Each structure stands twice: as C-alpha cells, then as structure tokens.
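Trainee: File upload10.txt below, compact mmCIF, C-alpha atoms:
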```
# COMPACT_ATOMS: atom_id res chain seq x y z
CA MET A 28 34.49 -12.80 -96.62
CA ARG A 29 38.01 -14.20 -96.59
CA PHE A 30 39.27 -10.72 -95.83
CA LEU A 31 36.94 -10.54 -92.88
CA VAL A 32 38.17 -13.82 -91.49
CA ILE A 33 41.78 -12.66 -91.81
CA VAL A 34 40.99 -9.35 -90.11
CA ALA A 35 39.08 -11.11 -87.32
CA GLY A 36 42.02 -13.48 -86.85
CA LEU A 37 44.44 -10.61 -86.66
CA ILE A 38 42.26 -8.92 -84.05
CA PHE A 39 42.16 -12.10 -82.00
CA VAL A 40 45.93 -12.42 -82.14
CA SER A 41 46.44 -8.79 -81.19
CA LEU A 42 44.29 -9.04 -78.06
CA PRO A 43 46.37 -8.81 -74.87
CA LEU A 44 47.53 -12.24 -73.70
CA GLN A 45 46.15 -13.45 -70.39
CA ALA A 46 48.50 -12.61 -67.55
CA HIS A 47 50.10 -15.31 -65.45
CA ASP A 48 52.10 -15.41 -62.25
CA VAL A 49 55.66 -16.58 -61.84
CA VAL A 50 55.92 -17.88 -58.28
CA LEU A 51 59.22 -18.00 -56.38
CA ILE A 52 59.19 -19.63 -52.93
CA SER A 53 61.89 -18.98 -50.33
CA GLY A 54 62.09 -21.41 -47.42
CA GLY A 55 63.65 -20.45 -44.11
CA PRO A 56 67.15 -20.80 -42.61
CA ALA A 57 68.21 -23.09 -39.75
CA LEU A 58 69.25 -21.74 -36.39
CA ARG A 59 72.98 -21.64 -35.81
CA SER A 60 72.51 -22.71 -32.21
CA PHE A 61 71.41 -26.10 -33.60
CA GLU A 62 73.80 -26.26 -36.55
CA LYS A 63 77.00 -24.60 -35.42
CA TYR A 64 78.86 -27.67 -34.17
CA LYS A 65 77.63 -30.20 -36.72
CA LYS A 66 79.92 -31.76 -39.29
CA ALA A 67 77.47 -30.87 -42.05
CA SER A 68 76.52 -27.44 -40.77
CA HIS A 69 73.69 -25.67 -42.58
CA ASP A 70 72.94 -22.01 -43.20
CA LYS A 71 76.00 -20.21 -41.88
CA TYR A 72 74.58 -17.35 -43.89
CA TRP A 73 70.92 -16.59 -43.12
CA GLY A 74 69.97 -15.29 -46.56
CA ASN A 75 70.78 -18.23 -48.85
CA PHE A 76 67.20 -18.72 -49.99
CA ILE A 77 66.50 -14.99 -50.22
CA ASP A 78 69.47 -14.03 -52.37
CA SER A 79 69.05 -17.01 -54.69
CA ALA A 80 65.37 -16.24 -55.27
CA LEU A 81 66.14 -12.59 -55.97
CA THR A 82 68.97 -13.49 -58.32
CA ARG A 83 66.54 -15.73 -60.18
CA ALA A 84 63.89 -13.01 -60.19
CA GLU A 85 66.32 -10.67 -61.94
CA GLU A 86 66.95 -13.33 -64.58
CA LEU A 87 63.26 -14.07 -65.06
CA LYS A 88 62.28 -10.42 -65.34
CA LYS A 89 64.12 -10.25 -68.67
CA ASP A 90 61.75 -12.81 -70.20
CA LEU A 91 58.58 -11.75 -68.44
CA LYS A 92 55.59 -11.36 -70.75
CA PRO A 93 53.46 -8.20 -70.59
CA GLY A 94 51.04 -8.42 -67.69
CA ASP A 95 52.86 -11.30 -66.02
CA GLU A 96 54.06 -10.77 -62.48
CA ILE A 97 56.62 -12.37 -60.21
CA VAL A 98 55.11 -13.37 -56.88
CA TRP A 99 57.68 -13.95 -54.14
CA LEU A 100 56.50 -16.13 -51.26
CA VAL A 101 58.72 -16.14 -48.15
CA PHE A 102 58.39 -18.43 -45.15
CA ARG A 103 58.39 -15.87 -42.33
CA PRO A 104 58.75 -17.72 -38.97
CA SER A 105 62.28 -18.99 -39.57
CA TYR A 106 63.54 -15.52 -40.42
CA THR A 107 61.91 -14.14 -37.29
CA SER A 108 63.60 -16.71 -35.06
CA ARG A 109 66.94 -16.43 -36.84
CA ALA A 110 66.66 -12.64 -36.50
CA ALA A 111 66.26 -13.04 -32.74
CA GLU A 112 69.33 -15.27 -32.67
CA ASP A 113 71.49 -12.99 -34.83
CA GLN A 114 69.97 -9.81 -33.36
CA GLN A 115 69.18 -8.34 -36.77
CA ASP A 116 65.89 -7.35 -38.39
CA PHE A 117 65.93 -9.82 -41.26
CA LEU A 118 62.37 -9.12 -42.38
CA LYS A 119 63.32 -5.49 -42.95
CA ILE A 120 66.44 -6.56 -44.86
CA ILE A 121 64.37 -9.01 -46.94
CA GLU A 122 61.93 -6.25 -47.87
CA GLU A 123 64.77 -3.87 -48.75
CA ARG A 124 66.48 -6.43 -50.95
CA GLY A 125 63.20 -7.33 -52.61
CA GLY A 126 62.54 -3.67 -53.26
CA LYS A 127 65.80 -3.38 -55.20
CA VAL A 128 64.48 -5.83 -57.81
CA GLY A 129 60.93 -4.54 -57.61
CA LEU A 130 59.54 -7.38 -55.49
CA THR A 131 57.55 -7.31 -52.29
CA PRO A 132 57.62 -10.52 -50.26
CA THR A 133 54.33 -12.25 -49.55
CA TYR A 134 54.83 -14.03 -46.25
CA PHE A 135 53.38 -17.39 -45.34
CA ASP A 136 53.59 -19.04 -41.94
CA ASN A 137 52.63 -22.65 -42.66
CA LYS A 138 51.87 -25.00 -45.52
CA SER A 139 48.11 -24.36 -45.37
CA GLN A 140 48.73 -20.72 -46.18
CA LEU A 141 51.06 -21.72 -48.99
CA PHE A 142 48.43 -24.03 -50.49
CA ALA A 143 45.91 -21.17 -50.35
CA LEU A 144 48.38 -18.86 -52.11
CA LEU A 145 48.94 -21.47 -54.83
CA ARG A 146 45.21 -22.01 -55.41
CA ARG A 147 44.38 -20.20 -58.67
CA ASP A 148 41.32 -20.06 -60.90
CA GLY A 149 42.63 -18.05 -63.83
CA SER A 150 40.73 -14.91 -62.86
CA LYS A 151 42.34 -11.48 -62.85
CA GLU A 152 42.74 -11.69 -59.07
CA LYS A 153 44.11 -15.22 -59.11
CA PRO A 154 45.93 -15.73 -62.40
CA ARG A 155 47.30 -19.16 -63.21
CA ILE A 156 50.92 -19.97 -62.48
CA SER A 157 53.20 -20.28 -65.50
CA ARG A 158 56.35 -21.02 -63.49
CA LEU A 159 57.06 -22.10 -59.93
CA GLU A 160 60.51 -22.34 -58.37
CA TYR A 161 61.45 -23.36 -54.82
CA PHE A 162 64.56 -22.32 -52.90
CA GLY A 163 64.98 -23.98 -49.53
CA HIS A 164 65.72 -27.11 -47.56
CA SER A 165 64.35 -30.37 -48.91
CA ASN A 166 64.96 -34.05 -49.24
CA LYS A 167 63.54 -36.56 -51.68
CA LYS A 168 60.17 -36.62 -49.86
CA CYS A 169 59.49 -33.01 -48.95
CA TRP A 170 60.18 -29.33 -48.84
CA MET A 171 61.13 -28.32 -45.30
CA PHE A 172 60.54 -24.63 -44.68
CA ASP A 173 61.77 -24.64 -41.06
CA TYR A 174 64.53 -27.25 -41.15
CA SER A 175 66.55 -27.22 -37.90
CA ASN A 176 64.80 -24.09 -36.74
CA ARG A 177 62.21 -25.13 -34.16
CA VAL A 178 63.54 -28.65 -33.66
CA ASP A 179 67.12 -29.79 -34.09
CA GLY A 180 67.81 -31.51 -37.41
CA GLY A 181 64.19 -31.78 -38.52
CA ALA A 182 61.11 -29.84 -39.51
CA LEU A 183 57.64 -29.63 -37.99
CA GLU A 184 54.75 -31.31 -39.77
CA PRO A 185 52.70 -28.14 -40.45
CA LEU A 186 55.80 -26.57 -42.00
CA VAL A 187 56.67 -29.41 -44.36
CA VAL A 188 55.21 -30.07 -47.80
CA HIS A 189 55.45 -33.83 -47.92
CA VAL A 190 54.72 -35.85 -51.06
CA ASP A 191 51.52 -36.98 -49.34
CA ASP A 192 50.43 -33.30 -49.22
CA LEU A 193 50.74 -32.75 -52.96
CA GLU A 194 47.12 -33.64 -53.62
CA LYS A 195 46.29 -30.28 -52.01
CA ILE A 196 47.91 -28.53 -54.98
CA THR A 197 45.75 -28.65 -58.08
CA GLY A 198 47.06 -28.85 -61.61
CA SER A 199 44.39 -26.41 -62.76
CA SER A 200 46.18 -23.67 -60.80
CA PHE A 201 48.96 -23.89 -63.38
CA THR A 202 49.06 -23.13 -67.09
CA SER A 203 49.19 -26.17 -69.33
CA ASN A 204 52.85 -25.54 -70.15
CA ALA A 205 53.92 -24.44 -66.66
CA GLU A 206 57.49 -25.18 -65.66
CA CYS A 207 58.44 -25.98 -62.07
CA VAL A 208 61.88 -26.27 -60.49
CA SER A 209 62.93 -27.24 -56.98
CA TYR A 210 66.40 -26.01 -56.08
CA GLY A 211 66.44 -27.96 -52.81
CA CYS A 212 68.55 -31.07 -52.17
CA HIS A 213 67.40 -34.46 -53.51
CA SER A 214 64.05 -33.25 -54.96
CA GLY A 215 64.77 -35.04 -58.21
CA GLU A 216 64.95 -38.39 -56.45
CA GLU A 217 61.21 -38.64 -55.74
CA PHE A 218 59.50 -35.31 -55.08
CA SER A 219 59.72 -34.22 -58.74
CA GLN A 220 58.17 -37.44 -60.00
CA ARG A 221 55.35 -37.31 -57.46
CA TRP A 222 54.74 -33.66 -58.33
CA ARG A 223 54.43 -34.57 -62.01
CA MET A 224 52.08 -37.45 -61.21
CA ILE A 225 49.86 -35.58 -58.76
CA VAL A 226 50.01 -31.94 -59.83
CA GLY A 227 50.37 -32.87 -63.48
CA ARG A 228 53.23 -30.53 -64.35
CA PRO A 229 56.90 -31.44 -64.75
CA MET A 230 59.26 -30.37 -62.00
CA VAL A 231 63.03 -30.23 -62.37
CA GLY A 232 64.80 -31.36 -59.21
CA ALA A 233 68.29 -32.28 -58.08
CA VAL A 234 69.65 -35.77 -57.73
CA GLY A 235 72.11 -35.19 -54.91
CA LYS A 236 72.66 -32.09 -52.85
CA THR A 237 72.50 -28.46 -53.89
CA ASP A 238 74.92 -25.88 -52.60
CA TYR A 239 73.99 -22.27 -51.83
CA SER A 240 77.27 -21.40 -50.12
CA GLU A 241 78.75 -19.37 -52.99
CA GLY A 242 75.80 -17.00 -53.10
CA GLY A 243 73.36 -16.41 -55.92
CA MET A 244 71.83 -19.41 -57.61
CA PRO A 245 72.49 -22.83 -56.04
CA LYS A 246 74.74 -25.35 -57.71
CA LEU A 247 74.88 -29.09 -57.55
CA SER A 248 77.30 -30.09 -54.80
CA ASN A 249 80.72 -31.18 -55.92
CA GLY A 250 82.06 -34.58 -55.06
CA LYS A 251 78.99 -36.62 -55.93
CA GLU A 252 77.64 -37.19 -59.39
CA GLY A 253 74.55 -35.07 -59.08
CA SER A 254 72.27 -34.02 -61.89
CA TRP A 255 69.04 -32.16 -62.59
CA VAL A 256 66.17 -34.41 -63.63
CA TYR A 257 62.43 -34.25 -64.30
CA MET B 26 24.52 -6.55 -93.24
CA GLY B 27 25.71 -3.95 -95.73
CA LEU B 28 26.27 -1.50 -92.88
CA LEU B 29 27.77 -4.02 -90.52
CA ILE B 30 30.77 -4.86 -92.71
CA PRO B 31 32.05 -1.25 -93.02
CA LEU B 32 31.38 -0.74 -89.31
CA PHE B 33 33.38 -3.86 -88.45
CA LEU B 34 36.25 -2.77 -90.70
CA TRP B 35 36.14 0.72 -89.16
CA VAL B 36 36.72 -0.84 -85.73
CA ALA B 37 38.98 -3.71 -86.73
CA ILE B 38 41.54 -2.08 -89.00
CA PRO B 39 42.73 0.53 -86.43
CA ALA B 40 42.88 -2.23 -83.80
CA VAL B 41 45.24 -4.21 -86.01
CA LEU B 42 47.29 -1.29 -87.16
CA PHE B 43 47.76 0.27 -83.73
CA ALA B 44 48.08 -2.95 -81.72
CA PRO B 45 51.25 -3.24 -79.62
CA PRO B 46 53.86 -5.63 -81.03
CA LEU B 47 53.59 -9.21 -79.82
CA PRO B 48 56.07 -9.97 -77.04
CA LEU B 49 59.07 -12.06 -77.91
CA ARG B 50 59.05 -15.37 -76.10
CA SER B 51 62.67 -15.02 -75.14
CA LEU B 52 65.61 -12.86 -76.00
CA SER B 53 68.05 -15.40 -74.70
CA SER B 54 69.17 -18.66 -76.22
CA PRO B 55 66.78 -21.65 -76.16
CA THR B 56 68.86 -23.46 -73.57
CA GLU B 57 68.53 -20.53 -71.22
CA SER B 58 64.83 -19.94 -71.66
CA ASN B 59 63.63 -23.51 -71.53
CA PRO B 60 66.30 -25.57 -69.87
CA VAL B 61 66.01 -29.31 -69.80
CA THR B 62 68.61 -29.24 -67.10
CA PRO B 63 68.79 -25.83 -65.49
CA THR B 64 72.27 -24.46 -65.30
CA PRO B 65 72.07 -21.69 -62.75
CA ALA B 66 74.11 -18.68 -63.65
CA PRO B 67 77.02 -18.05 -61.33
CA ALA B 68 76.49 -15.28 -58.83
CA GLN B 69 79.39 -13.34 -60.28
CA GLU B 70 77.42 -12.70 -63.46
CA VAL B 71 75.04 -10.47 -61.60
CA ARG B 72 77.07 -7.40 -61.01
CA GLU B 73 76.22 -5.62 -57.88
CA SER B 74 77.31 -2.40 -56.35
CA GLU B 75 80.01 -2.59 -53.74
CA GLU B 76 77.48 -1.64 -51.12
CA GLU B 77 75.23 -4.54 -52.11
CA GLU B 78 78.14 -6.98 -52.10
CA GLU B 79 79.02 -5.80 -48.65
CA ILE B 80 75.47 -6.40 -47.41
CA ARG B 81 75.27 -9.88 -48.85
CA LYS B 82 78.49 -11.16 -47.32
CA PRO B 83 77.83 -13.72 -44.62
CA VAL B 84 78.11 -12.04 -41.28
CA GLU B 85 80.32 -13.38 -38.55
CA GLU B 86 78.41 -15.83 -36.41
CA LYS B 87 76.73 -14.35 -33.41
CA VAL B 88 74.97 -17.20 -31.71
CA VAL B 89 73.03 -15.94 -28.76
CA ARG B 90 72.63 -18.53 -26.07
CA ALA B 91 70.74 -18.48 -22.85
CA THR B 92 74.07 -18.72 -21.11
CA LEU B 93 74.51 -18.64 -17.39
CA PRO B 94 77.63 -17.06 -15.89
CA ALA B 95 79.01 -20.57 -15.41
CA ALA B 96 78.55 -23.06 -18.24
CA HIS B 97 76.32 -25.58 -16.54
CA THR B 98 72.73 -26.64 -16.75
CA PRO B 99 70.59 -25.11 -14.01
CA ALA B 100 69.12 -27.51 -11.48
CA LYS B 101 65.69 -26.19 -12.29
CA HIS B 102 64.31 -23.94 -15.00
CA GLY B 103 60.94 -22.79 -16.32
CA GLU B 104 57.57 -24.06 -15.13
CA THR B 105 58.20 -27.15 -13.05
CA ASP B 106 54.75 -28.10 -11.89
CA GLY B 107 52.18 -30.54 -13.23
CA GLU B 108 52.69 -33.79 -15.14
CA SER B 109 56.30 -34.80 -15.64
CA TRP B 110 58.43 -37.24 -17.62
CA VAL B 111 61.92 -38.61 -17.18
CA ALA B 112 64.11 -37.83 -20.16
CA GLN B 113 67.55 -38.92 -21.22
CA ARG B 114 69.56 -36.94 -23.73
CA THR B 115 70.69 -39.26 -26.50
CA MET B 116 72.55 -38.08 -29.55
CA VAL B 117 72.36 -39.95 -32.81
CA GLU B 118 74.52 -38.65 -35.62
CA ASP B 119 72.49 -37.02 -38.40
CA TYR B 120 69.17 -37.86 -36.80
CA CYS B 121 66.46 -35.42 -35.79
CA GLY B 122 65.51 -35.48 -32.15
CA TRP B 123 66.65 -34.83 -28.64
CA GLY B 124 66.48 -38.20 -26.92
CA TRP B 125 64.22 -40.58 -25.02
CA ILE B 126 61.34 -39.71 -22.72
CA LYS B 127 59.21 -41.91 -20.45
CA LYS B 128 56.86 -41.80 -17.48
CA ASP B 129 58.28 -42.67 -14.05
CA LYS B 130 56.78 -46.14 -13.92
CA GLU B 131 57.77 -47.11 -17.45
CA SER B 132 61.01 -48.84 -18.39
CA TRP B 133 63.41 -47.30 -20.89
CA ARG B 134 62.30 -49.98 -23.35
CA GLN B 135 58.89 -48.25 -23.37
CA ALA B 136 60.40 -44.79 -23.83
CA ARG B 137 59.48 -42.61 -26.81
CA TRP B 138 61.98 -40.87 -29.05
CA VAL B 139 61.18 -37.16 -29.19
CA ALA B 140 62.20 -33.99 -30.94
CA LEU B 141 62.30 -31.26 -28.32
CA GLU B 142 60.79 -27.84 -28.84
CA GLY B 143 61.48 -25.07 -26.35
CA THR B 144 58.89 -22.51 -25.27
CA ALA B 145 59.92 -18.97 -26.09
CA GLY B 146 60.25 -16.82 -23.00
CA ILE B 147 59.61 -19.74 -20.64
CA CYS B 148 62.08 -22.55 -21.21
CA PRO B 149 64.82 -23.07 -23.79
CA LEU B 150 66.34 -26.48 -24.49
CA PRO B 151 68.64 -27.62 -21.65
CA HIS B 152 71.73 -27.88 -23.81
CA THR B 153 71.53 -24.21 -24.74
CA PHE B 154 72.92 -23.47 -21.27
CA LEU B 155 76.07 -25.37 -22.20
CA PRO B 156 78.91 -24.46 -24.54
CA ARG B 157 78.08 -27.24 -27.01
CA PRO B 158 74.91 -29.24 -27.72
CA GLU B 159 76.65 -32.54 -27.01
CA ASP B 160 77.80 -31.45 -23.56
CA ASP B 161 74.75 -32.95 -21.84
CA LYS B 162 74.91 -36.29 -23.68
CA ASN B 163 73.51 -39.10 -21.50
CA TYR B 164 72.26 -36.65 -18.90
CA GLN B 165 68.85 -37.17 -17.39
CA TYR B 166 66.17 -34.55 -16.75
CA ARG B 167 62.68 -34.37 -15.38
CA PHE B 168 60.66 -32.68 -18.10
CA TYR B 169 57.46 -30.66 -17.66
CA GLY B 170 55.36 -29.88 -20.68
CA THR B 171 53.15 -31.57 -23.25
CA PHE B 172 53.37 -33.63 -26.39
CA ALA B 173 52.64 -31.46 -29.41
CA PRO B 174 49.61 -32.25 -31.61
CA TYR B 175 51.99 -32.33 -34.59
CA ARG B 176 55.03 -34.43 -35.41
CA ALA B 177 58.49 -33.57 -36.70
CA TYR B 178 59.95 -34.88 -39.91
CA GLU B 179 63.32 -36.60 -39.70
CA PRO B 180 64.82 -36.18 -43.17
CA GLN B 181 67.76 -38.60 -43.00
CA ALA B 182 65.71 -41.64 -42.03
CA ASP B 183 62.46 -40.37 -43.60
CA VAL B 184 60.39 -40.83 -40.45
CA TRP B 185 57.96 -38.80 -38.36
CA VAL B 186 58.93 -38.40 -34.70
CA ASP B 187 56.93 -37.13 -31.71
CA VAL B 188 57.47 -33.56 -30.54
CA PHE B 189 57.61 -32.65 -26.86
CA ILE B 190 57.02 -28.99 -25.99
CA LEU B 191 59.18 -28.19 -23.01
CA LYS B 192 57.78 -25.83 -20.36
CA GLY B 193 60.31 -26.58 -17.63
CA PHE B 194 62.92 -29.06 -16.46
CA MET B 195 64.90 -30.27 -13.49
CA SER B 196 68.41 -31.63 -13.95
CA LEU B 197 68.84 -35.20 -12.63
CA GLY B 198 72.55 -35.57 -13.47
CA PRO B 199 74.38 -38.16 -15.58
CA ALA B 200 72.54 -41.37 -16.44
CA LYS B 201 73.84 -44.69 -15.14
CA GLU B 202 74.11 -46.05 -18.66
CA GLU B 203 73.67 -45.03 -22.26
CA ILE B 204 70.47 -46.03 -24.05
CA ARG B 205 71.62 -47.99 -27.06
CA ARG B 206 68.20 -48.63 -28.57
CA PRO B 207 67.99 -47.22 -32.11
CA PRO B 208 65.42 -44.47 -32.77
CA PRO B 209 62.42 -45.16 -35.03
CA ALA B 210 63.07 -45.97 -38.68
CA GLN B 211 59.76 -46.59 -40.44
CA ALA B 212 59.11 -44.79 -43.72
CA SER B 213 57.13 -41.54 -43.61
CA SER B 214 54.82 -42.69 -46.40
CA GLY B 215 53.85 -45.93 -48.03
CA VAL B 216 53.88 -46.89 -51.66
CA ASN B 217 52.87 -44.22 -54.10
CA ARG B 218 49.10 -44.39 -54.13
CA PHE B 219 48.95 -41.99 -57.05
CA ALA B 220 50.99 -44.19 -59.33
CA GLU B 221 47.96 -45.62 -61.11
CA ARG B 222 45.75 -42.58 -61.29
CA GLY B 223 45.82 -39.38 -63.26
CA ALA B 224 47.04 -35.99 -62.22
CA ASN B 225 45.23 -33.88 -59.69
CA PHE B 226 43.05 -31.71 -61.95
CA ARG B 227 39.93 -30.35 -60.32
```
I need this file expressed as structure tokens, please.

Mentor:
Amino acid sequence: MRFLVIVAGLIFVSLPLQAHDVVLISGGPALRSFEKYKKASHDKYWGNFIDSALTRAEELKKDLKPGDEIVWLVFRPSYTSRAAEDQQDFLKIIEERGGKVGLTPTYFDNKSQLFALLRRDGSKEKPRISRLEYFGHSNKKCWMFDYSNRVDGGALEPLVVHVDDLEKITGSSFTSNAECVSYGCHSGEEFSQRWRMIVGRPMVGAVGKTDYSEGGMPKLSNGKEGSWVY
Amino acid sequence: MGLLIPLFLWVAIPAVLFAPPLPLRSLSSPTESNPVTPTPAPAQEVRESEEEEEIRKPVEEKVVRATLPAAHTPAKHGETDGESWVAQRTMVEDYCGWGWIKKDKESWRQARWVALEGTAGICPLPHTFLPRPEDDKNYQYRFYGTFAPYRAYEPQADVWVDVFILKGFMSLGPAKEEIRRPPPAQASSGVNRFAERGANFR
C-alpha cells in the first residue's frame, strides 16, 4: 500500500505543470511636436518602451517554465501617431523586432481593452498571469499610455490606468506567487502599494524617475536618491 | 482489487520512468531570478548584431509640422461655424493644458482651463503653425469645437482637466493682458478607500 502511495505521488508530481502567462506591457511614446522644446523633453527615441520590453523578454525566456508563454501587450495609438509624425511605419518595425525574439505584439487601444486582456480564469485559453511588467510613462498615481501624445503634457482619461481603476483588475487573474514590476517613473511612491492592496499581489516600482535613454532596460535616474520598492 | 493493483502499476511505472525531467526554477542566481530590488541588466550585456544596433539607434528628429510658407498662425483654419468660445493661450511650466477658454459673455474669471486636442485632417493645434509652441503665448483665438466626454490627466499636479476638441479657429491676435490665475490643483483621487478592505479577489 505504501508503495502505491509513493507511486501515485510520483505520478502526480510528474504531471505537466499548469501553464501561465508572463505579461509585458509597452506604453506609447510622446509626440516630439509637443516635447521637442521642453526642458525635460521625453521620448527623443520612439522605441524606448519597445526595446526595453524585448530586452526583458529575452532575459525572461531563459527562465520560462515549459508551457508558459510571454504575452506582449503594446499600446497601439501612440505608435500610429508618432509614425505619422516621424514618417515611419513603427507598427511594422515593432512586429519585426518582436519576431526576432519570438514575440508577436498584442495591441490594445484603451484601458478597457487592457483590462479585458488581463482578465484570466486559469483555463487553457486564459491562463493565469505569473508575472506582469510595465514599461511606459507613469507617475505615482497612474500608468499613462499616451502621455503627451494626444494632449500636450498629459494623458487622456480612457488611456490612463489610475489607482482608482485598479479594482477592475482582479487578483484571481494572477497566480498566488505572481510578481509584478512597473518600470515607469514614481510607481513605487503610491501605485505599487495600491496595486498590492487592491489586486493583492506585490508590485515593485520606482521611487523617483526611471531613465530609458541608454537603451535596453530602464535605470533609476541619476542625481536623485531613487530606489525600487514594493 | 487483485487485478486493479497490477493494472495500476502497469500504467504508473512507465509514466514515472519516462516522465520528462522537472524544470529547474532558475538557472541564474537567486538575486536575478527573484529580485527584491530589480537591477536591470545594462543594455550592453545583450549583444546584438551590428545591423540590429544600427536599427535601434535613435533617429535624427524629423518633426513634421503643419507649417505654412511663412511662420505665422492663419487668420482662420478648419471648420469655423457653429458654437464658439474665446480662448487665450496660457503656458504654465510643467503643466498639462493649452490655456483658458470661455464663452463670449463670460469673464476670464469664469474661464475653464483646458487641454486641447486637435482633429486629425481638419484642424491641428494653432501653435503647430509656428516654429515653437510658446510662440503664440498670450494670443487669443475664437475656437470652434466641443468639449470631450473624457478628461485629461495632469501628472505634475495630479489633477483632471477638461479636454476641448478643436474643429476650427480664428486668430484674434495678442491679448491685452496675461491671465495670471493659476490652473486647477485639486487631487485626482481622495483618500485610499481600499485601505481598510481586503484585496480584490473575485
């Protein structure tokens, strides 16, 4: 009987683990026509949030468990408008760059679509999220997907995930040990704490600004004593 | 029962013996796989081909403006019929928005601070006709368009501001005086109403 229990246990352990999704979110760039003459000018390079997410995807692929997938969500409208300004087909470039690391972007056009994409039930079609990371503009209160793109120096309400919107993201969409990171500016000053309280998963965020200007993964800006916090 | 046990073993033992190895949680060091404070790897660590590096270099700025042959705001542009507002361009450092807008009969004390959104293919923002955004500071316009059903978020002051969707404008020239009234500054959200309740599991 004991042998049977051991064998049954071994079978249970050897069963394929349930697959989960690793979600990377890329916000959009500002327009240079708004930002060009500002002292603190954002997004001289259009692809800050694309390249950083893809760099991270390459890192994460090394530790990916069998069956797990990286889902790359890209805020489309800002790239479309920046493409018109720069006269380049950025969506095509995004898809080509994603293809080089084996990723296809899933576009979203507003926060409602993002919430729908993050709604998971653990089924094969909608596996739970084991990791979520955000690359884009933010402050302590929100993620701003279209910062300085449709209006100068701000972001439109349907394109902002404000702390008051977080109740639309359910904790049950995530695994119990899910890890979340926001690589936007100032997220660690309030957004991370609200995320933990409302979504129920810890989120690492920056105290201070993050800097994407050197390419690849963002760094905490020099000059101020920034840090990463939960 | 006597038959069941051999049958079970006949199925179970191959499943154990031929099962794929369990995946390793991480091949990297603990600090890399589960960082308390993420330390993003420098971009240089990811070696790329020369072609890729070339692609990823920031391109020289090519800002396309709706420029006229002469750098001045047109007297009239877009759809200039229907309801109108008087608007005065006001620039506040590090603050989202275009300026103040009011109806003809209202005083500037009753004016609303707005973020201005152009209409693609119909009317861009007036300052895009000028070399620099600040070149029409304290200029007045007659605006045609509507208030948007959504607001804009001002990240420096943490406030929501009204959005005006511009369909057309007429240039009214420089204002007699600057509007010195500060733009709105109320917080975008109140106290944390989730502070005393559990996480959002449902």

Trainee: Any idea what the distance is between CA of Asp136 (chain A) and CA of Leu186 (chain A)?

Mentor: 7.8 Å

Trainee: Please list, as a list in words, the residues that have an atom at most 8 Å away from (53.9, -29.9, -32.0) in the coordinates of this file, counting all atoms listed in the file.

Mentor: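 The requested residues, written out, are Leu183 and Glu184 of chain A; Glu142, Phe172, Ala173, Pro174, Tyr175, Arg176, Ala177, Asp187, Val188, Phe189 and Ile190 of chain B.
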
Trainee: Can you work out which residues from chain A touch chain B at a cut-off of 6 Å (counting all atoms listed in the file) and hand them back as a list in words?

Mentor: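 Matching residues, ligands excluded from the count: Ile38, Tyr72, Asp90, Glu112, Asp113, Val178, Asp179, Gly180, Gly181, Ala182, Leu183, Glu184, Thr197, Gly198, Ser199, Met224, Ile225, Val226, Gly227, Gly243, Met244 and Trp255 of chain A.
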
Trainee: So which one's closest to Thr107 (chain A), A:Glu216, A:Asp173, A:Glu241, A:Asp192? Using all atoms listed in the file, please.

Mentor: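 Comparing A:Glu216, A:Asp173, A:Glu241, A:Asp192 against Thr107 (chain A), the winner is A:Asp173.
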
Trainee: Return the single residue from B:Cys148, B:Tyr166, B:Thr105, B:Met116 that is closest to Pro199 (chain B), with distances computed using all atoms listed in the file.

Mentor: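 Distance minimum relative to Pro199 (chain B) lands on B:Tyr166.
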
Trainee: Report the distance between CA of Arg83 (chain A) and CA of Trp170 (chain A) in Å, rounded to one decimal place.

Mentor: 18.8 Å

Trainee: Neighbours of region 149-153 of chain A within 12 Å (all atoms listed in the file; same-chain residues fewer than 6 positions away dropped), as a PyMOL selection string?

Mentor: chain A and resi 45-49+94-96+98+143+198-203

Trainee: For each of A:Asn204, A:Ser105, A:Gln114, A:Ser214, take the minimum atom-to-atom distance to Asn166 (chain A), counting only C-alpha atoms, then give the residue where this is smallest.

Mentor: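 Among A:Asn204, A:Ser105, A:Gln114, A:Ser214, it is A:Ser214 that comes nearest to Asn166 (chain A).
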
Trainee: Which residues come within 10 Å of region 96-104 of chain B, counting only C-alpha atoms, excluding same-chain residues fewer than 2 positions away, as an MDAnalysis selection string?

Mentor: chainID B and resid 92:94 106:107 144 146:149 151:157 160:161 166:170 191:198

Trainee: Counting only C-alpha atoms, select every polymer residue within 12 Å of (79.0, -31.7, -56.8) as defined in the file's coordinates, and provide the selection as a list of chain:residue names.

Mentor: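 Using only C-alpha atoms, the matching residues come out as A:Cys212, A:Ala233, A:Val234, A:Gly235, A:Lys236, A:Thr237, A:Asp238, A:Tyr239, A:Pro245, A:Lys246, A:Leu247, A:Ser248, A:Asn249, A:Gly250, A:Lys251, A:Glu252, A:Gly253, A:Ser254, A:Trp255.
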
Trainee: Report, in Å with one decimal, the straight-line distance from CA of Glu122 (chain A) to CA of Ser175 (chain A).

Mentor: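 So the two atoms, CA of Glu122 (chain A) and CA of Ser175 (chain A), lie 23.7 Å apart.
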
Trainee: Any chance you could work out the axis-aligned box around region 189-192 of chain B, listed atoms only, 8 Å on each side, giving centre and edge lengths in Å to one decimal, as AutoDock Vina command-line options?

Mentor:
```
--center_x 58.1 --center_y -29.2 --center_z -23.6 --size_x 18.2 --size_y 22.8 --size_z 22.5
```
